[in-house]
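Below is one structure; the comments refer to it alone.
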Protein chains: 4
Amino acid sequence: MTRPPGDRRAGWRVALGNVVFNNDTPAGRAFDLVLIVLIVASIGAVMFDSVRPFRAAYGPALKQVELVLTLLFSLEYGLRLLTARHPWNYARSFFGLVDLLSILPGYLALLVPGAETLLIVRVLRLLRIFRILKLARYLSEASVLTEAIRASAAKITVFLVTVLTMVTIIGALMYLIEGPANGYTSIPTSIYWAIVTLTTVGYGDIAPKTPLGKGLASLAMILGYGILAVPTGIVTVSLARAQGAQDQGARDHGAQSRRPVPRACPRCGLEGHDPDARFCKRCAEELPST
Amino acid sequence: MTRPPGDRRAGWRVALGNVVFNNDTPAGRAFDLVLIVLIVASIGAVMFDSVRPFRAAYGPALKQVELVLTLLFSLEYGLRLLTARHPWNYARSFFGLVDLLSILPGYLALLVPGAETLLIVRVLRLLRIFRILKLARYLSEASVLTEAIRASAAKITVFLVTVLTMVTIIGALMYLIEGPANGYTSIPTSIYWAIVTLTTVGYGDIAPKTPLGKGLASLAMILGYGILAVPTGIVTVSLARAQGAQDQGARDHGAQSRRPVPRACPRCGLEGHDPDARFCKRCAEELPST
Amino acid sequence: MTRPPGDRRAGWRVALGNVVFNNDTPAGRAFDLVLIVLIVASIGAVMFDSVRPFRAAYGPALKQVELVLTLLFSLEYGLRLLTARHPWNYARSFFGLVDLLSILPGYLALLVPGAETLLIVRVLRLLRIFRILKLARYLSEASVLTEAIRASAAKITVFLVTVLTMVTIIGALMYLIEGPANGYTSIPTSIYWAIVTLTTVGYGDIAPKTPLGKGLASLAMILGYGILAVPTGIVTVSLARAQGAQDQGARDHGAQSRRPVPRACPRCGLEGHDPDARFCKRCAEELPST
Amino acid sequence: MTRPPGDRRAGWRVALGNVVFNNDTPAGRAFDLVLIVLIVASIGAVMFDSVRPFRAAYGPALKQVELVLTLLFSLEYGLRLLTARHPWNYARSFFGLVDLLSILPGYLALLVPGAETLLIVRVLRLLRIFRILKLARYLSEASVLTEAIRASAAKITVFLVTVLTMVTIIGALMYLIEGPANGYTSIPTSIYWAIVTLTTVGYGDIAPKTPLGKGLASLAMILGYGILAVPTGIVTVSLARAQGAQDQGARDHGAQSRRPVPRACPRCGLEGHDPDARFCKRCAEELPST
């Protein structure tokens with residue numbers, strides 16, 4: 001990592017930050033690998049702890065493991081704060097908050113006896129895997145997907161408004177037709193049923209019992225069937241265009257040109273940097289060379 | 001809004017109609033925003049009222065809220081009648097009828113004691129959001145979707161006839177195989193089951209119990225699996241073509257040309273006006289300039 | 001209808017056959033319309049008859065209606081036999097057999113007391129609507145769909161073999177893991193469960209209860225999720241190509257050229273006639289001019 | 001089959017290997033056909049045997065059939081070992097292991113009384129059908145499918161990581177909201193529910209009961225609805241590109257050129273050979289001429 005101009009961090013902080021935030025050196029990659037193992041272990045512990053017989057048998061041991069993991073994640077958080085070029089920017093960033101949220105419940109559970117339910121917040125640690133993966137070779141793939149979704153945001157909004165309206169009207173009609181006696185206890189419950197039906201999930205916890213209700217449900221299902229096609233069509237067309245644009249870019253610029261791939265800041269996660277940007281426009285972290 | 005020739009409305013009616021029917025002025029946008037808030041509040045009240053415990057606790061208060069909302073919507077309906085260029089055309093239009101249907105149940109419930117079930121008609125108010133959104137920036141997106149669906153209407157009809165035939169024959173066969181003892185009480189009920197199965201909703205309220213029935217159901221599911229692909233394919237291809245045509249249009253005409261977007265009459269909602277049309281061909285309302 | 005060379009039918013047979021088999025004259029269209037109404041009425045009667053309370057109340061009346069309908073359909077079958085250029089070819093054709101199957105159960109139920117269940121065969125009458133629709137304006141739409149499906153037949157076969165293998169192996173594994181105690185009473189039943197799961201129908205009549213079973217089921221579902229994408233992709237690509245070819249054809253030949261649409265023989269239903277064919281290559285019936 | 005240089009097998013071994021491993025001679029095709037019949041019969045016997053009443057009635061007869069089939073498959077395995085150019089390479093290959101696994105349980109069940117459950121491994125014989133089909137005319141179709149899936153492997157990985165993260169977080173939240181009292185007995189169970197819901201399977205064995213849980217479930221379903229579109233879009237775009245590339249290849253090279261289709265080694269199943277390769281780069285088996 002070349003040193004950005006105006007960086008007043010000490011040499012060891014720069015070197016350490018390189019390991020913590022980047023993965024273009026063997027040390028950085030090793031750090032990320034250890035982190036992924038710890039995160040997966042931590043999620044495994046949370047799940048394991050929620051299974052009653054396991055908790056009864058291994059409860060105290062799991063608490064020990066959790067304590068060690070919390071300490072390790074605290075150490076990592078401290079390192080990040082210490083070596084970030086702008087610690088306050090890191091702390092306020094999305095992944096900074098996720099990092100903080102991942103360690104707070106561990107301490108709270110130690111102090112406040114009834115705070116065990118808060119421990120579930122630890123599954124948010126899973127989100128941190130995204131930061132690590134983002135820097136890896138999946139980056140360009142993810143960006144095609146997010147581009148495709150972003151490009152069809154307006155169409156998806158129209159689609160969602162239509163679906164919500166349909167679901168409300170069908171739900172209200174079924175409440176009228178079937179009534180509380182057949183499980184449609186209120187309009188919100190009926191809307192829940194309509195969503196379960198239109199998305200073709202179909203739990204069957206509530207199902208129409210009157211002939212008229214079955215008829216309306218059949219109509220709603222066939223409608224839902226056709227409607228299912230719309231988001232698929234939207235995303236497919238968007239993906240085809242995003243892919244086409246990427247291919248076009250590759251053809252236009254040739255192999256030796258800069259990859260027109262959105263880069264994410266390794267520190268604060270900000271995307272959308274210009275191709276010629278060398279430093280993050282928000283936190284001044286050096287960007288990975290394209 | 002320029003004044004259309006032959007318009008004999010007084011100046012204040014034109015100005016007020018501008019606020020009520022259009023949203024290209026700050027006042028018009030504010031009016032629409034207030035309307036959306038009121039509609040959402042009204043739908044919320046209908047839902048809230050259907051939950052038994054809430055009704056018991058807040059019933060009288062909800063009646064007051066409903067009364068106020070009905071009065072406000074009546075005022076709005078009166079304003080629309082007053083300021084429309086052709087009040088009778090507005091009253092007979094789709095949204096005119098929706099507006100009327102939204103306020104009638106409120107008055108009926110006051111007069112006739114048993115008319116409470118009619119109050120559900122108020123969820124139709126939700127449809128009015130579409131009129132407002134139609135004028136907003138989602139217009140062009142919605143039109144691509146409706147164009148795509150319209151273009152594949154014939155294919156969808158063939159598909160629906162095929163599905164309905166399949167569903168009837170499979171339903172009749174399952175009625176024969178499983179019979180009333182296993183829940184297939186009649187052919188219409190069996191057809192309902194077949195629709196639930198082919199659309200992959202699968203409530204499980206009726207499920208095959210005999211080996212032969214399970215075999216036929218398995219076949220129907222794999223068929224349904226393949227059939228699910230057809231509407232998706234139809235809509236995707238249509239969407240890709242509609243999108244392609246829009247892109248083509250944008251390339252051909254440049255930025256300063258007329259947008260080739262179907263316009264909806266702000267009063268009666270009629271679409272499909274010619275590009276050079278200045279007034280709605282049904283209700284003579286001035287159309288938004290393209 | 002010009003008379004094909006070598007046709008030795010009397011003049012009135014040709015004229016009547018024109019009404020019965022074609023719909024390019026007002027009389028032919030009226031005949032088809034009456035037929036559709038009778039078919040729908042007949043299907044309605046079959047459904048109505050299967051609902052227990054209705055049968056108890058209107059049983060004898062329904063029998064009368066059924067008798068009249070059977071006589072009318074017999075008359076139609078006789079007319080077809082009489083006016084077809086090659087009666088034997090018609091009788092052996094797909095729609096000829098459907099026509100015969102539609103009337104036989106009506107007579108059998110009169111003669112044999114216990115043959116009522118056979119009456120369900122009458123729903124096959126619904127298939128006859130396809131012959132009528134095939135001649136109508138939906139022809140070209142249906143042909144794009146069938147072309148698309150035919151073009152991807154090989155891909156769909158590979159896909160089906162893969163799915164059947166997966167379903168068998170997953171079913172056998174679940175039988176081993178969950179066993180008869182949890183509802184997986186035999187391997188065929190487990191395969192039925194696997195099909196219900198992979199097609200995302202999910203009745204819930206059988207569901208995994210052991211942790212290992214739930215894990216395998218989760219894996220199967222995510223697999224099924226991805227597999228659902230394959231037939232959709234196949235059909236979409238095929239549809240896009242069929243559509244593209246049709247557009248290309250329309251561009252190449254211009255408006256005054258022959259429509260490159262597969263024609264079905266109005267008598268025996270054979271498709272795939274050459275563009276310059278004037279008569280059906282199987283039953284010598286005159287083909288609709290392209 | 002021309003004899004590869006350096007092949008030191010006796011003449012009859014080469015001739016027999018030709019029958020056993022290839023299907024480009026009548027004898028080879030007959031061998032494969034007999035094999036498919038035996039495999040299907042064997043799978044049928046396994047299924048039949050798992051149905052309790054059948055087992056009670058035909059148990060001993062089924063054991064005889066199974067014994068004969070095991071002997072026949074052993075004979076086939078011996079033939080393959082004997083005639084393969086590199087027997088050890090065949091034995092270690094994927095299909096070599098499947099062949100071995102198909103016969104071992106038959107012998108084990110004879111020797112060890114309690115090993116009946118192992119007999120289920122015999123369904124793996126179904127996999128052997130793929131080796132046979134791979135050499136047949138479906139080869140090129142399967143390769144388009146596998147190419148399409150391989151090309152989108154990175155996108156599918158991103159998608160799977162996202163789905164697994166969502167499913168874990170939604171599952172943990174539902175465990176918190178609904179709790180063990182409503183069937184969400186642990187986080188893994190809740191994750192199982194989330195997978196059942198997001199894939200729109202919806203068994204209904206676990207379903208939200210609290211209003212908050214129903215609300216979150218509704219949100220998850222609508223999300224799942226949109227997410228369902230992503231793999232479909234990915235596969236469709238990949239298929240369209242694979243198909244386009246194949247068409248392009250067919251246009252570029254003409255009818256007399258080499259088919260650009262990936263070839264599988266008839267012995268060890270390895271794919272990805274260069275177009276000019278004559279022998280398998282792993283087991284030195286001669287490759288089918290392209």
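Identifiers in the structure tokens: chain A, B, ... in order shown; residue index from 1 per chain; ligand index from 1 in order shown.
Proximity to chain C at a cut-off of 9 Å picks out Thr200, Val201, Gly202, Tyr203 and Gly204 of chain A on chain A, counting only C-alpha atoms.
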Residues near Leu79 in chain A, anyone? I mean within 9 Å using only C-alpha atoms, not counting same-chain ones fewer than 4 positions away, as a tab-separated table (two decimals) with C-alpha atoms, in the first residue's frame.
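around_33.tsv written:
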```tsv
chain	number	residue	atom	x	y	z
A	16	LEU	CA	-1.33	-2.94	10.45
A	17	GLY	CA	-4.26	-1.25	8.69
A	20	VAL	CA	-6.81	-5.48	8.81
A	74	SER	CA	-13.49	-6.68	20.52
A	75	LEU	CA	-9.77	-6.89	19.80
A	83	THR	CA	-5.56	1.65	12.25
A	84	ALA	CA	-8.33	3.31	10.26
```
List as a count of residues only the protein and nucleic acid residues near range 50-57 of chain B, meaning an atom at most 10 Å away when only C-alpha atoms are counted, but skip any in the same chain fewer than 6 places from it. 10
Which residues are close to Leu71 in chain B, i.e. within 12 Å by only C-alpha atoms, leaving aside same-chain residues fewer than 2 positions away? Reply as a PyMOL selection string. chain B and resi 38+42+64-69+73-78+102-107
Using C-alpha atoms, can you export the residues from the last selection as a PDB file, in the first residue's frame?
```pdb
ATOM      1  CA  LEU B  38     -55.836  10.417   4.168  1.00  0.00           C
ATOM      2  CA  SER B  42     -58.557   5.432   6.059  1.00  0.00           C
ATOM      3  CA  GLN B  64     -65.532   9.346  14.735  1.00  0.00           C
ATOM      4  CA  VAL B  65     -62.388   9.052  12.609  1.00  0.00           C
ATOM      5  CA  GLU B  66     -64.371   7.342   9.880  1.00  0.00           C
ATOM      6  CA  LEU B  67     -66.996  10.105   9.958  1.00  0.00           C
ATOM      7  CA  VAL B  68     -64.354  12.804   9.568  1.00  0.00           C
ATOM      8  CA  LEU B  69     -62.636  10.907   6.730  1.00  0.00           C
ATOM      9  CA  PHE B  73     -63.577  12.548   0.942  1.00  0.00           C
ATOM     10  CA  SER B  74     -67.080  13.918   0.262  1.00  0.00           C
ATOM     11  CA  LEU B  75     -65.614  17.401   0.122  1.00  0.00           C
ATOM     12  CA  GLU B  76     -62.989  16.156  -2.316  1.00  0.00           C
ATOM     13  CA  TYR B  77     -65.643  14.453  -4.445  1.00  0.00           C
ATOM     14  CA  GLY B  78     -67.664  17.693  -4.472  1.00  0.00           C
ATOM     15  CA  SER B 102     -65.492   5.253  -1.276  1.00  0.00           C
ATOM     16  CA  ILE B 103     -67.882   7.640   0.446  1.00  0.00           C
ATOM     17  CA  LEU B 104     -71.278   5.951   0.082  1.00  0.00           C
ATOM     18  CA  PRO B 105     -70.695   3.165   2.671  1.00  0.00           C
ATOM     19  CA  GLY B 106     -69.770   5.766   5.290  1.00  0.00           C
ATOM     20  CA  TYR B 107     -73.198   7.400   4.983  1.00  0.00           C
TER      21      TYR B 107
END
```
Enter the distance from CA of Leu127 in chain D to CA of Val161 in chain D, in Å, rounded to one decimal. 28.8 Å
Would you mind telling me which residue in B:Leu173, B:Leu160, B:Ala30, B:Ile195 lies nearest to Ser218 in chain A when using only C-alpha atoms?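 Between B:Leu173, B:Leu160, B:Ala30, B:Ile195, the residue approaching Ser218 in chain A most closely is B:Ile195.
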Taking the DSSP assignment computed from this structure's backbone, write out as a PyMOL selection string all residues of range 170-243 of chain A that belong to alpha helix (DSSP H). chain A and resi 170-178+187-198+211-227+229-243
Test item: residues at most 12 Å from Arg13 in chain A, only C-alpha atoms, excluding those fewer than 3 positions along its chain, as a list in words: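 Once the adjacent positions are removed, what remains is Arg3, Asp7, Arg8, Arg9, Ala10, Leu16, Gly17, Asn18, Val19, Val20, Phe21, Leu79, Arg80, Leu81, Leu82, Thr83, Ala84, Arg85, His86 and Pro87 of chain A.
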What's around Val230 in chain D at 12 Å? Count only C-alpha atoms, leave out sequence neighbours fewer than 2 positions away in its own chain, and write the answer as a PyMOL selection string. (chain A and resi 142+144-146+148-149+229+231-240) or (chain C and resi 225-226+228-229+232-233) or (chain D and resi 152+155-160+162-163+223-228+232-237)
